[in-house]
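Have a look at data04.cif below; it lists mmCIF, C-alpha atoms.
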data_data
#
loop_
_atom_site.label_atom_id
_atom_site.label_comp_id
_atom_site.auth_asym_id
_atom_site.auth_seq_id
_atom_site.Cartn_x
_atom_site.Cartn_y
_atom_site.Cartn_z
CA MET A 1 74.89 31.42 103.73
CA ASN A 2 77.53 28.68 103.68
CA GLN A 3 76.86 25.21 105.03
CA ASP A 4 79.61 25.38 107.65
CA LEU A 5 78.03 28.44 109.27
CA ARG A 6 74.58 26.84 109.13
CA GLU A 7 75.88 23.69 110.84
CA LYS A 8 77.62 25.65 113.59
CA LEU A 9 74.50 27.65 114.37
CA SER A 10 72.37 24.51 114.29
CA GLY A 11 74.23 23.19 117.33
CA VAL A 12 74.14 26.16 119.72
CA SER A 13 71.39 27.71 121.82
CA VAL A 14 69.85 31.14 121.47
CA ALA A 15 70.93 31.80 125.06
CA THR A 16 74.57 31.18 124.17
CA LEU A 17 74.32 33.38 121.09
CA ALA A 18 72.74 36.13 123.18
CA THR A 19 75.74 36.05 125.52
CA ALA A 20 78.19 36.20 122.60
CA LEU A 21 76.36 39.22 121.18
CA PHE A 22 76.13 40.86 124.61
CA LYS A 23 79.94 40.69 124.82
CA ARG A 24 80.00 42.74 121.62
CA GLY A 25 77.63 45.36 123.04
CA LEU A 26 74.46 44.08 121.34
CA ARG A 27 71.72 43.67 123.94
CA ASN A 28 68.46 43.70 121.99
CA GLN A 29 68.81 40.97 119.39
CA VAL A 30 66.31 38.46 120.83
CA ILE A 31 62.86 38.80 119.26
CA GLN A 32 60.67 39.39 122.29
CA GLY A 33 57.32 37.73 122.90
CA VAL A 34 57.58 34.91 120.36
CA HIS A 35 57.79 31.16 120.88
CA PRO A 36 57.61 28.08 118.65
CA ILE A 37 54.11 26.98 117.75
CA ALA A 38 55.43 23.44 118.23
CA PRO A 39 59.00 22.58 119.33
CA LYS A 40 60.96 20.87 116.57
CA GLY A 41 63.96 19.69 118.60
CA ARG A 42 66.28 21.38 116.11
CA ASN A 43 67.36 24.91 115.38
CA MET A 44 65.87 27.12 112.72
CA VAL A 45 68.75 28.81 110.88
CA GLY A 46 68.77 31.07 107.83
CA PRO A 47 69.19 34.58 106.47
CA ALA A 48 66.30 36.96 107.07
CA PHE A 49 63.80 37.75 104.33
CA THR A 50 61.37 40.33 105.65
CA LEU A 51 57.77 41.43 105.25
CA ARG A 52 56.43 44.58 106.88
CA TYR A 53 52.82 45.28 107.81
CA MET A 54 51.37 48.69 108.53
CA PRO A 55 47.96 49.52 110.06
CA ALA A 56 45.20 48.62 107.63
CA ARG A 57 42.95 51.26 106.12
CA GLU A 58 39.53 49.85 105.40
CA ASP A 59 39.19 51.05 101.80
CA ARG A 60 42.50 49.40 100.89
CA ASN A 61 42.06 46.09 102.67
CA GLN A 62 38.96 44.27 101.51
CA LEU A 63 38.95 40.53 100.72
CA ALA A 64 39.21 41.40 97.03
CA GLU A 65 42.83 42.36 97.67
CA PHE A 66 43.75 38.68 97.79
CA ARG A 67 42.79 38.41 94.09
CA ASN A 68 45.61 40.80 93.27
CA PRO A 69 48.59 38.73 92.02
CA GLN A 70 50.91 41.49 93.28
CA HIS A 71 49.61 41.44 96.84
CA PRO A 72 52.82 41.80 98.91
CA GLN A 73 51.97 39.02 101.35
CA ARG A 74 51.50 36.52 98.53
CA VAL A 75 54.51 37.81 96.58
CA ALA A 76 56.70 37.50 99.68
CA ILE A 77 55.74 33.84 100.10
CA GLU A 78 56.48 33.17 96.43
CA THR A 79 59.83 35.00 96.35
CA CYS A 80 61.42 34.15 99.71
CA PRO A 81 64.68 32.42 98.71
CA GLU A 82 65.28 28.79 99.60
CA GLY A 83 67.00 28.40 102.95
CA HIS A 84 65.86 31.81 104.23
CA VAL A 85 63.69 32.61 107.24
CA MET A 86 60.71 34.87 106.62
CA VAL A 87 60.45 37.47 109.38
CA ILE A 88 57.21 39.45 109.60
CA ASP A 89 56.80 42.80 111.32
CA SER A 90 53.22 42.70 112.56
CA ARG A 91 53.71 45.59 115.00
CA LYS A 92 53.41 43.14 117.93
CA ASP A 93 49.68 42.97 117.19
CA ALA A 94 48.17 39.49 117.22
CA ARG A 95 44.55 40.63 116.99
CA ALA A 96 44.70 39.68 113.28
CA ALA A 97 46.74 36.90 111.71
CA SER A 98 50.07 37.43 109.99
CA ALA A 99 49.46 34.37 107.76
CA GLY A 100 47.75 30.98 107.79
CA ASP A 101 48.54 27.35 107.16
CA ILE A 102 48.22 27.44 103.36
CA LEU A 103 50.80 30.21 102.96
CA VAL A 104 53.16 28.64 105.50
CA THR A 105 52.81 25.29 103.73
CA ARG A 106 53.71 26.97 100.44
CA LEU A 107 56.77 28.56 102.07
CA MET A 108 57.82 25.14 103.37
CA VAL A 109 57.40 23.46 99.98
CA ARG A 110 59.51 26.21 98.38
CA GLY A 111 62.35 25.43 100.80
CA GLY A 112 61.92 28.15 103.40
CA ALA A 113 63.93 27.52 106.57
CA GLY A 114 61.26 28.94 108.87
CA ILE A 115 58.88 31.80 109.60
CA VAL A 116 58.61 34.26 112.49
CA THR A 117 56.07 36.94 113.35
CA ASP A 118 55.66 39.17 116.37
CA GLY A 119 51.92 38.81 115.77
CA GLY A 120 49.97 35.57 115.45
CA PHE A 121 49.20 32.86 112.92
CA ARG A 122 45.76 31.48 112.12
CA ASP A 123 45.40 27.69 111.77
CA ALA A 124 48.17 27.47 114.37
CA ALA A 125 47.62 23.81 115.22
CA THR A 126 47.95 22.86 111.56
CA ILE A 127 51.09 24.97 111.18
CA GLY A 128 52.55 23.36 114.27
CA ALA A 129 52.18 19.94 112.66
CA LEU A 130 54.21 21.01 109.61
CA ASP A 131 57.93 20.30 109.40
CA ILE A 132 58.83 23.97 109.00
CA PRO A 133 59.71 25.85 112.23
CA ALA A 134 57.22 28.63 112.96
CA TYR A 135 57.26 31.20 115.78
CA HIS A 136 54.57 33.63 116.88
CA SER A 137 53.08 35.27 119.97
CA ARG A 138 49.73 33.44 119.99
CA PRO A 139 47.11 31.98 117.66
CA SER A 140 44.98 34.52 115.83
CA SER A 141 41.99 33.68 113.63
CA PRO A 142 41.00 36.98 111.97
CA THR A 143 42.45 37.48 108.49
CA ASN A 144 45.42 39.83 108.30
CA LEU A 145 43.34 42.32 106.28
CA THR A 146 41.36 43.05 109.43
CA LEU A 147 44.19 45.09 110.91
CA HIS A 148 47.32 44.73 108.76
CA GLU A 149 48.31 45.88 105.30
CA ALA A 150 51.32 44.12 103.81
CA ILE A 151 53.31 47.07 102.51
CA GLU A 152 57.01 46.27 102.02
CA ILE A 153 59.05 43.21 101.08
CA ASN A 154 62.64 42.70 102.23
CA GLY A 155 63.34 46.04 103.85
CA PRO A 156 64.58 46.75 107.39
CA ILE A 157 61.97 45.98 110.03
CA GLY A 158 61.44 45.68 113.75
CA CYS A 159 60.17 42.34 115.00
CA GLY A 160 59.43 41.90 118.69
CA ASP A 161 61.54 45.01 119.39
CA ALA A 162 64.58 43.55 117.61
CA PRO A 163 66.03 45.27 114.53
CA VAL A 164 66.10 42.97 111.52
CA PHE A 165 67.91 43.79 108.28
CA PRO A 166 67.55 41.59 105.20
CA GLY A 167 70.34 39.03 105.24
CA ASP A 168 70.83 39.07 109.01
CA ILE A 169 71.12 35.54 110.33
CA ILE A 170 68.10 34.25 112.21
CA VAL A 171 68.43 31.42 114.73
CA GLY A 172 65.52 29.92 116.62
CA ASP A 173 65.55 27.09 119.14
CA ASP A 174 62.82 25.54 121.26
CA ASP A 175 62.82 28.67 123.46
CA CYS A 176 62.96 31.72 121.22
CA VAL A 177 64.56 33.53 118.26
CA ILE A 178 67.63 35.76 117.89
CA VAL A 179 68.92 38.03 115.12
CA ILE A 180 72.67 38.00 114.38
CA PRO A 181 73.96 40.92 112.31
CA ALA A 182 75.29 39.40 109.10
CA HIS A 183 78.80 40.81 109.45
CA LEU A 184 79.20 39.20 112.88
CA ALA A 185 77.72 35.80 112.10
CA GLU A 186 80.94 33.89 111.44
CA GLU A 187 82.78 35.06 114.55
CA VAL A 188 79.75 34.76 116.81
CA ALA A 189 79.07 31.22 115.56
CA ALA A 190 82.67 30.17 116.16
CA GLU A 191 82.62 31.58 119.68
CA ALA A 192 79.24 30.02 120.45
CA VAL A 193 80.53 26.57 119.45
CA GLU A 194 83.42 26.98 121.91
CA MET A 195 81.10 28.28 124.62
CA THR A 196 78.75 25.34 124.10
CA ALA A 197 81.56 22.83 124.46
CA TYR A 198 82.67 24.38 127.74
CA GLU A 199 79.10 24.62 129.05
CA ASP A 200 78.51 20.94 128.28
CA PHE A 201 81.67 20.14 130.25
CA VAL A 202 80.45 22.32 133.12
CA VAL A 203 77.09 20.57 133.25
CA GLU A 204 78.81 17.20 133.63
CA GLN A 205 81.03 18.58 136.40
CA VAL A 206 78.11 20.13 138.27
CA LYS A 207 76.06 16.94 138.03
CA ALA A 208 79.06 15.14 139.53
CA GLY A 209 79.01 17.51 142.51
CA ALA A 210 81.44 20.28 141.51
CA THR A 211 80.94 23.83 142.77
CA ILE A 212 80.34 26.51 140.15
CA ILE A 213 82.77 28.89 141.89
CA GLY A 214 85.84 29.07 139.72
CA LEU A 215 84.27 26.70 137.21
CA TYR A 216 81.57 28.85 135.65
CA PRO A 217 82.81 31.27 134.64
CA ARG A 218 86.24 29.68 134.63
CA THR A 219 88.52 31.65 136.91
CA LYS A 220 90.66 28.74 138.09
CA ASP A 221 93.29 27.48 135.68
CA ALA A 222 92.99 23.95 137.08
CA HIS A 223 89.68 23.59 135.24
CA LEU A 224 91.31 24.30 131.88
CA ALA A 225 93.36 21.10 131.91
CA ALA A 226 90.30 19.08 132.91
CA PHE A 227 88.31 20.71 130.12
CA GLU A 228 90.96 19.95 127.50
CA ALA A 229 91.06 16.32 128.61
CA TRP A 230 87.25 16.18 128.42
CA ARG A 231 87.30 17.61 124.89
CA LYS A 232 89.80 15.03 123.75
CA THR A 233 87.79 12.20 125.25
CA ASN A 234 84.50 13.45 123.76
CA GLY A 235 85.79 14.60 120.40
CA ARG A 236 84.78 18.19 121.08
#

Would you mind writing the file out in structure tokens?
Amino acid sequence: MNQDLREKLSGVSVATLATALFKRGLRNQVIQGVHPIAPKGRNMVGPAFTLRYMPAREDRNQLAEFRNPQHPQRVAIETCPEGHVMVIDSRKDARAASAGDILVTRLMVRGGAGIVTDGGFRDAATIGALDIPAYHSRPSSPTNLTLHEAIEINGPIGCGDAPVFPGDIIVGDDDCVIVIPAHLAEEVAAEAVEMTAYEDFVVEQVKAGATIIGLYPRTKDAHLAAFEAWRKTNGR
């Protein structure tokens, strides 16, 4: 992922990206039911690196499994590339944790850009205090082995009803998380930057008393000249 794309996506909202994707016929790219453990005031941006859980079978998921150096959960943490976002398919089941603070800390130290699960994290308060962005549905204390078996690394998954393919671009803000298909990322980012500039202009106009009719969406050409003047003044 190039730095220019990362910077563009760092300055736009998930809501704006959702609109840009909606215009292209993609309506289910927001990961449903997840929120930041603690708002960071900055976007999480990076290619997806995935981990899939399946329902645990008791004879395969005893605590001794964590002694196995090839345990997929541990291997995923140790192989997630720098700058990537780990996305975990926990089947929308937060009754057992997807991971805890030690693993998330290790991911952060290795340069991970963030972590998302449609389940829950244990040690959530500690994770929230880390610098790495982390998103889940709710805190969950039971170990993942209680209900989940980590079964596949970096394959296609579903997370919060959104399809996620390895390498898709993940963006999270202080509201939620969206998945941008990799082949659309550049054009969607460019459009979102333009949309954000216009929306910032609109907010100023509305605060000054302007009506939204004809302004948002722009259907009156008179607003275009005002917008271009605003962009020049504000370096946008």

Just say which residues the PyMOL selection byres ((chain A and resi 41) around 9) picks in this file, as a PDB file with C-alpha atoms, in the coordinates of the input.
ATOM      1  CA  PRO A  39      59.000  22.580 119.330  1.00  0.00           C
ATOM      2  CA  LYS A  40      60.960  20.870 116.570  1.00  0.00           C
ATOM      3  CA  ARG A  42      66.280  21.380 116.110  1.00  0.00           C
ATOM      4  CA  ASN A  43      67.360  24.910 115.380  1.00  0.00           C
ATOM      5  CA  ASP A 173      65.550  27.090 119.140  1.00  0.00           C
ATOM      6  CA  ASP A 174      62.820  25.540 121.260  1.00  0.00           C
TER       7      ASP A 174
END

Atom-to-atom span, CA of Asp59 in chain A and CA of Val87 in chain A, Å =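 Computing the Euclidean distance for CA of Asp59 in chain A and CA of Val87 in chain A yields 26.3 Å.
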
Determine, counting only C-alpha atoms, which protein, DNA and RNA residues have an atom within 12 Å of an atom of range 17-31 of chain A; residues of the same chain fewer than 2 positions away are not included. Present the result as a ChimeraX atom specification.
-> /A:8-15,33-36,87-89,92,116-119,135-137,157-165,168-173,175-181,184-196

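Take CA of Gly83 in chain A and CA of Arg52 in chain A: the distance between them is 19.7 Å.
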
Hits of the PyMOL selection byres ((chain A and resi 223) around 12) in this structure, as a list in words |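 Selection result, ordered by chain and number: Tyr198, Phe201, Val202, Gln205, Ala210, Thr211, Ile212, Ile213, Gly214, Leu215, Tyr216, Pro217, Arg218, Thr219, Lys220, Asp221, Ala222, Leu224, Ala225, Ala226, Phe227, Glu228, Ala229 and Trp230 of chain A.
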
Print the selection's residues with C-alpha atoms to a file, as a PDB file, in the coordinates of the input.
ATOM      1  CA  TYR A 198      82.670  24.380 127.740  1.00  0.00           C
ATOM      2  CA  PHE A 201      81.670  20.140 130.250  1.00  0.00           C
ATOM      3  CA  VAL A 202      80.450  22.320 133.120  1.00  0.00           C
ATOM      4  CA  GLN A 205      81.030  18.580 136.400  1.00  0.00           C
ATOM      5  CA  ALA A 210      81.440  20.280 141.510  1.00  0.00           C
ATOM      6  CA  THR A 211      80.940  23.830 142.770  1.00  0.00           C
ATOM      7  CA  ILE A 212      80.340  26.510 140.150  1.00  0.00           C
ATOM      8  CA  ILE A 213      82.770  28.890 141.890  1.00  0.00           C
ATOM      9  CA  GLY A 214      85.840  29.070 139.720  1.00  0.00           C
ATOM     10  CA  LEU A 215      84.270  26.700 137.210  1.00  0.00           C
ATOM     11  CA  TYR A 216      81.570  28.850 135.650  1.00  0.00           C
ATOM     12  CA  PRO A 217      82.810  31.270 134.640  1.00  0.00           C
ATOM     13  CA  ARG A 218      86.240  29.680 134.630  1.00  0.00           C
ATOM     14  CA  THR A 219      88.520  31.650 136.910  1.00  0.00           C
ATOM     15  CA  LYS A 220      90.660  28.740 138.090  1.00  0.00           C
ATOM     16  CA  ASP A 221      93.290  27.480 135.680  1.00  0.00           C
ATOM     17  CA  ALA A 222      92.990  23.950 137.080  1.00  0.00           C
ATOM     18  CA  LEU A 224      91.310  24.300 131.880  1.00  0.00           C
ATOM     19  CA  ALA A 225      93.360  21.100 131.910  1.00  0.00           C
ATOM     20  CA  ALA A 226      90.300  19.080 132.910  1.00  0.00           C
ATOM     21  CA  PHE A 227      88.310  20.710 130.120  1.00  0.00           C
ATOM     22  CA  GLU A 228      90.960  19.950 127.500  1.00  0.00           C
ATOM     23  CA  ALA A 229      91.060  16.320 128.610  1.00  0.00           C
ATOM     24  CA  TRP A 230      87.250  16.180 128.420  1.00  0.00           C
TER      25      TRP A 230
END

List the residues matched by the PyMOL selection byres ((chain A and resi 148) around 8) in the displayed structure as a list of chain:residue names, ordered by chain and then by residue number.
-> A:Tyr53, A:Met54, A:Pro55, A:Ala56, A:Ser90, A:Ala96, A:Ser98, A:Asn144, A:Leu145, A:Thr146, A:Leu147, A:Glu149, A:Ala150

Per residue of range 57-102 of chain A within 10 Å of range 125-129 of chain A, record the nearest atom pair and its distance in Å to one decimal, counting all atoms listed in the file, with rows in chain order and ascending residue number, as CSV.
residue,atom,partner,partner_atom,distance
A:Gly100,CA,A:Ile127,CA,7.7
A:Asp101,CA,A:Ile127,CA,5.3
A:Ile102,CA,A:Ile127,CA,8.7

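Coordinates place CA of Arg122 in chain A at a distance of 18.0 Å from CA of Gln62 in chain A.
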
Spatial neighbours of Thr105 in chain A, max dist 12 Å, all atoms listed in the file, sep filter under 4 positions, as a PyMOL selection string | chain A and resi 77-78+99-101+109-115+123-124+126-134

Save the residues we just selected, C-alpha atoms, as a JSON list (two decimals), in the coordinates of the input?
[["chain", "number", "residue", "atom", "x", "y", "z"],
["A", 77, "ILE", "CA", 55.74, 33.84, 100.10],
["A", 78, "GLU", "CA", 56.48, 33.17, 96.43],
["A", 99, "ALA", "CA", 49.46, 34.37, 107.76],
["A", 100, "GLY", "CA", 47.75, 30.98, 107.79],
["A", 101, "ASP", "CA", 48.54, 27.35, 107.16],
["A", 109, "VAL", "CA", 57.40, 23.46, 99.98],
["A", 110, "ARG", "CA", 59.51, 26.21, 98.38],
["A", 111, "GLY", "CA", 62.35, 25.43, 100.80],
["A", 112, "GLY", "CA", 61.92, 28.15, 103.40],
["A", 113, "ALA", "CA", 63.93, 27.52, 106.57],
["A", 114, "GLY", "CA", 61.26, 28.94, 108.87],
["A", 115, "ILE", "CA", 58.88, 31.80, 109.60],
["A", 123, "ASP", "CA", 45.40, 27.69, 111.77],
["A", 124, "ALA", "CA", 48.17, 27.47, 114.37],
["A", 126, "THR", "CA", 47.95, 22.86, 111.56],
["A", 127, "ILE", "CA", 51.09, 24.97, 111.18],
["A", 128, "GLY", "CA", 52.55, 23.36, 114.27],
["A", 129, "ALA", "CA", 52.18, 19.94, 112.66],
["A", 130, "LEU", "CA", 54.21, 21.01, 109.61],
["A", 131, "ASP", "CA", 57.93, 20.30, 109.40],
["A", 132, "ILE", "CA", 58.83, 23.97, 109.00],
["A", 133, "PRO", "CA", 59.71, 25.85, 112.23],
["A", 134, "ALA", "CA", 57.22, 28.63, 112.96]]

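When all atoms listed in the file are used to measure the gap to Gln73 in chain A, the shortest distance among A:Met108, A:Gly46, A:Thr16, A:Thr143 belongs to A:Thr143.
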
Reconstruct all heavy atoms of range 177-188 of chain A; output as a PDB file, keeping the file's coordinate frame.
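What landed in rebuild_18.pdb:
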ATOM      1  N   VAL A 177      63.896  33.199 119.522  1.00  0.00           N
ATOM      2  CA  VAL A 177      64.560  33.530 118.260  1.00  0.00           C
ATOM      3  C   VAL A 177      65.498  34.711 118.467  1.00  0.00           C
ATOM      4  O   VAL A 177      65.166  35.666 119.189  1.00  0.00           O
ATOM      5  CB  VAL A 177      63.526  33.889 117.162  1.00  0.00           C
ATOM      6  CG1 VAL A 177      64.218  34.226 115.838  1.00  0.00           C
ATOM      7  CG2 VAL A 177      62.528  32.760 116.976  1.00  0.00           C
ATOM      8  N   ILE A 178      66.658  34.671 117.806  1.00  0.00           N
ATOM      9  CA  ILE A 178      67.630  35.760 117.890  1.00  0.00           C
ATOM     10  C   ILE A 178      68.062  36.176 116.496  1.00  0.00           C
ATOM     11  O   ILE A 178      68.021  35.373 115.549  1.00  0.00           O
ATOM     12  CB  ILE A 178      68.849  35.329 118.750  1.00  0.00           C
ATOM     13  CG1 ILE A 178      69.682  36.538 119.179  1.00  0.00           C
ATOM     14  CG2 ILE A 178      69.710  34.288 118.020  1.00  0.00           C
ATOM     15  CD1 ILE A 178      70.666  36.235 120.303  1.00  0.00           C
ATOM     16  N   VAL A 179      68.479  37.442 116.390  1.00  0.00           N
ATOM     17  CA  VAL A 179      68.920  38.030 115.120  1.00  0.00           C
ATOM     18  C   VAL A 179      70.410  38.343 115.248  1.00  0.00           C
ATOM     19  O   VAL A 179      70.812  39.124 116.114  1.00  0.00           O
ATOM     20  CB  VAL A 179      68.141  39.317 114.810  1.00  0.00           C
ATOM     21  CG1 VAL A 179      68.549  39.867 113.443  1.00  0.00           C
ATOM     22  CG2 VAL A 179      66.637  39.086 114.882  1.00  0.00           C
ATOM     23  N   ILE A 180      71.222  37.747 114.379  1.00  0.00           N
ATOM     24  CA  ILE A 180      72.670  38.000 114.380  1.00  0.00           C
ATOM     25  C   ILE A 180      72.996  38.898 113.198  1.00  0.00           C
ATOM     26  O   ILE A 180      72.734  38.526 112.048  1.00  0.00           O
ATOM     27  CB  ILE A 180      73.464  36.696 114.270  1.00  0.00           C
ATOM     28  CG1 ILE A 180      73.046  35.697 115.346  1.00  0.00           C
ATOM     29  CG2 ILE A 180      74.962  36.979 114.361  1.00  0.00           C
ATOM     30  CD1 ILE A 180      73.689  34.323 115.188  1.00  0.00           C
ATOM     31  N   PRO A 181      73.555  40.089 113.443  1.00  0.00           N
ATOM     32  CA  PRO A 181      73.960  40.920 112.310  1.00  0.00           C
ATOM     33  C   PRO A 181      74.859  40.126 111.360  1.00  0.00           C
ATOM     34  O   PRO A 181      75.768  39.406 111.804  1.00  0.00           O
ATOM     35  CB  PRO A 181      74.718  42.067 112.976  1.00  0.00           C
ATOM     36  CG  PRO A 181      74.104  42.171 114.348  1.00  0.00           C
ATOM     37  CD  PRO A 181      73.815  40.748 114.744  1.00  0.00           C
ATOM     38  N   ALA A 182      74.618  40.254 110.081  1.00  0.00           N
ATOM     39  CA  ALA A 182      75.290  39.400 109.100  1.00  0.00           C
ATOM     40  C   ALA A 182      76.805  39.471 109.198  1.00  0.00           C
ATOM     41  O   ALA A 182      77.490  38.454 109.080  1.00  0.00           O
ATOM     42  CB  ALA A 182      74.825  39.777 107.690  1.00  0.00           C
ATOM     43  N   HIS A 183      77.349  40.655 109.444  1.00  0.00           N
ATOM     44  CA  HIS A 183      78.800  40.810 109.450  1.00  0.00           C
ATOM     45  C   HIS A 183      79.461  40.191 110.673  1.00  0.00           C
ATOM     46  O   HIS A 183      80.675  40.023 110.705  1.00  0.00           O
ATOM     47  CB  HIS A 183      79.185  42.290 109.336  1.00  0.00           C
ATOM     48  CG  HIS A 183      78.854  43.103 110.552  1.00  0.00           C
ATOM     49  ND1 HIS A 183      77.571  43.519 110.850  1.00  0.00           N
ATOM     50  CD2 HIS A 183      79.642  43.579 111.558  1.00  0.00           C
ATOM     51  CE1 HIS A 183      77.576  44.214 111.967  1.00  0.00           C
ATOM     52  NE2 HIS A 183      78.817  44.268 112.413  1.00  0.00           N
ATOM     53  N   LEU A 184      78.659  39.828 111.674  1.00  0.00           N
ATOM     54  CA  LEU A 184      79.200  39.200 112.880  1.00  0.00           C
ATOM     55  C   LEU A 184      78.943  37.702 112.936  1.00  0.00           C
ATOM     56  O   LEU A 184      79.417  37.031 113.856  1.00  0.00           O
ATOM     57  CB  LEU A 184      78.576  39.848 114.129  1.00  0.00           C
ATOM     58  CG  LEU A 184      78.930  41.301 114.417  1.00  0.00           C
ATOM     59  CD1 LEU A 184      78.123  41.805 115.615  1.00  0.00           C
ATOM     60  CD2 LEU A 184      80.421  41.454 114.670  1.00  0.00           C
ATOM     61  N   ALA A 185      78.212  37.179 111.989  1.00  0.00           N
ATOM     62  CA  ALA A 185      77.720  35.800 112.100  1.00  0.00           C
ATOM     63  C   ALA A 185      78.838  34.777 112.227  1.00  0.00           C
ATOM     64  O   ALA A 185      78.772  33.865 113.065  1.00  0.00           O
ATOM     65  CB  ALA A 185      76.824  35.471 110.913  1.00  0.00           C
ATOM     66  N   GLU A 186      79.866  34.884 111.421  1.00  0.00           N
ATOM     67  CA  GLU A 186      80.940  33.890 111.440  1.00  0.00           C
ATOM     68  C   GLU A 186      81.657  33.867 112.791  1.00  0.00           C
ATOM     69  O   GLU A 186      81.869  32.804 113.381  1.00  0.00           O
ATOM     70  CB  GLU A 186      81.945  34.160 110.314  1.00  0.00           C
ATOM     71  CG  GLU A 186      81.404  33.964 108.912  1.00  0.00           C
ATOM     72  CD  GLU A 186      81.328  32.504 108.493  1.00  0.00           C
ATOM     73  OE1 GLU A 186      81.753  31.636 109.277  1.00  0.00           O
ATOM     74  OE2 GLU A 186      80.837  32.240 107.380  1.00  0.00           O
ATOM     75  N   GLU A 187      82.041  35.034 113.293  1.00  0.00           N
ATOM     76  CA  GLU A 187      82.780  35.060 114.550  1.00  0.00           C
ATOM     77  C   GLU A 187      81.908  34.701 115.738  1.00  0.00           C
ATOM     78  O   GLU A 187      82.354  34.025 116.671  1.00  0.00           O
ATOM     79  CB  GLU A 187      83.456  36.412 114.771  1.00  0.00           C
ATOM     80  CG  GLU A 187      82.522  37.581 114.998  1.00  0.00           C
ATOM     81  CD  GLU A 187      83.278  38.886 115.236  1.00  0.00           C
ATOM     82  OE1 GLU A 187      83.808  39.459 114.262  1.00  0.00           O
ATOM     83  OE2 GLU A 187      83.331  39.322 116.401  1.00  0.00           O
ATOM     84  N   VAL A 188      80.656  35.106 115.713  1.00  0.00           N
ATOM     85  CA  VAL A 188      79.750  34.760 116.810  1.00  0.00           C
ATOM     86  C   VAL A 188      79.485  33.257 116.820  1.00  0.00           C
ATOM     87  O   VAL A 188      79.461  32.622 117.876  1.00  0.00           O
ATOM     88  CB  VAL A 188      78.431  35.556 116.670  1.00  0.00           C
ATOM     89  CG1 VAL A 188      77.342  34.968 117.572  1.00  0.00           C
ATOM     90  CG2 VAL A 188      78.667  37.016 117.031  1.00  0.00           C
TER      91      VAL A 188
END
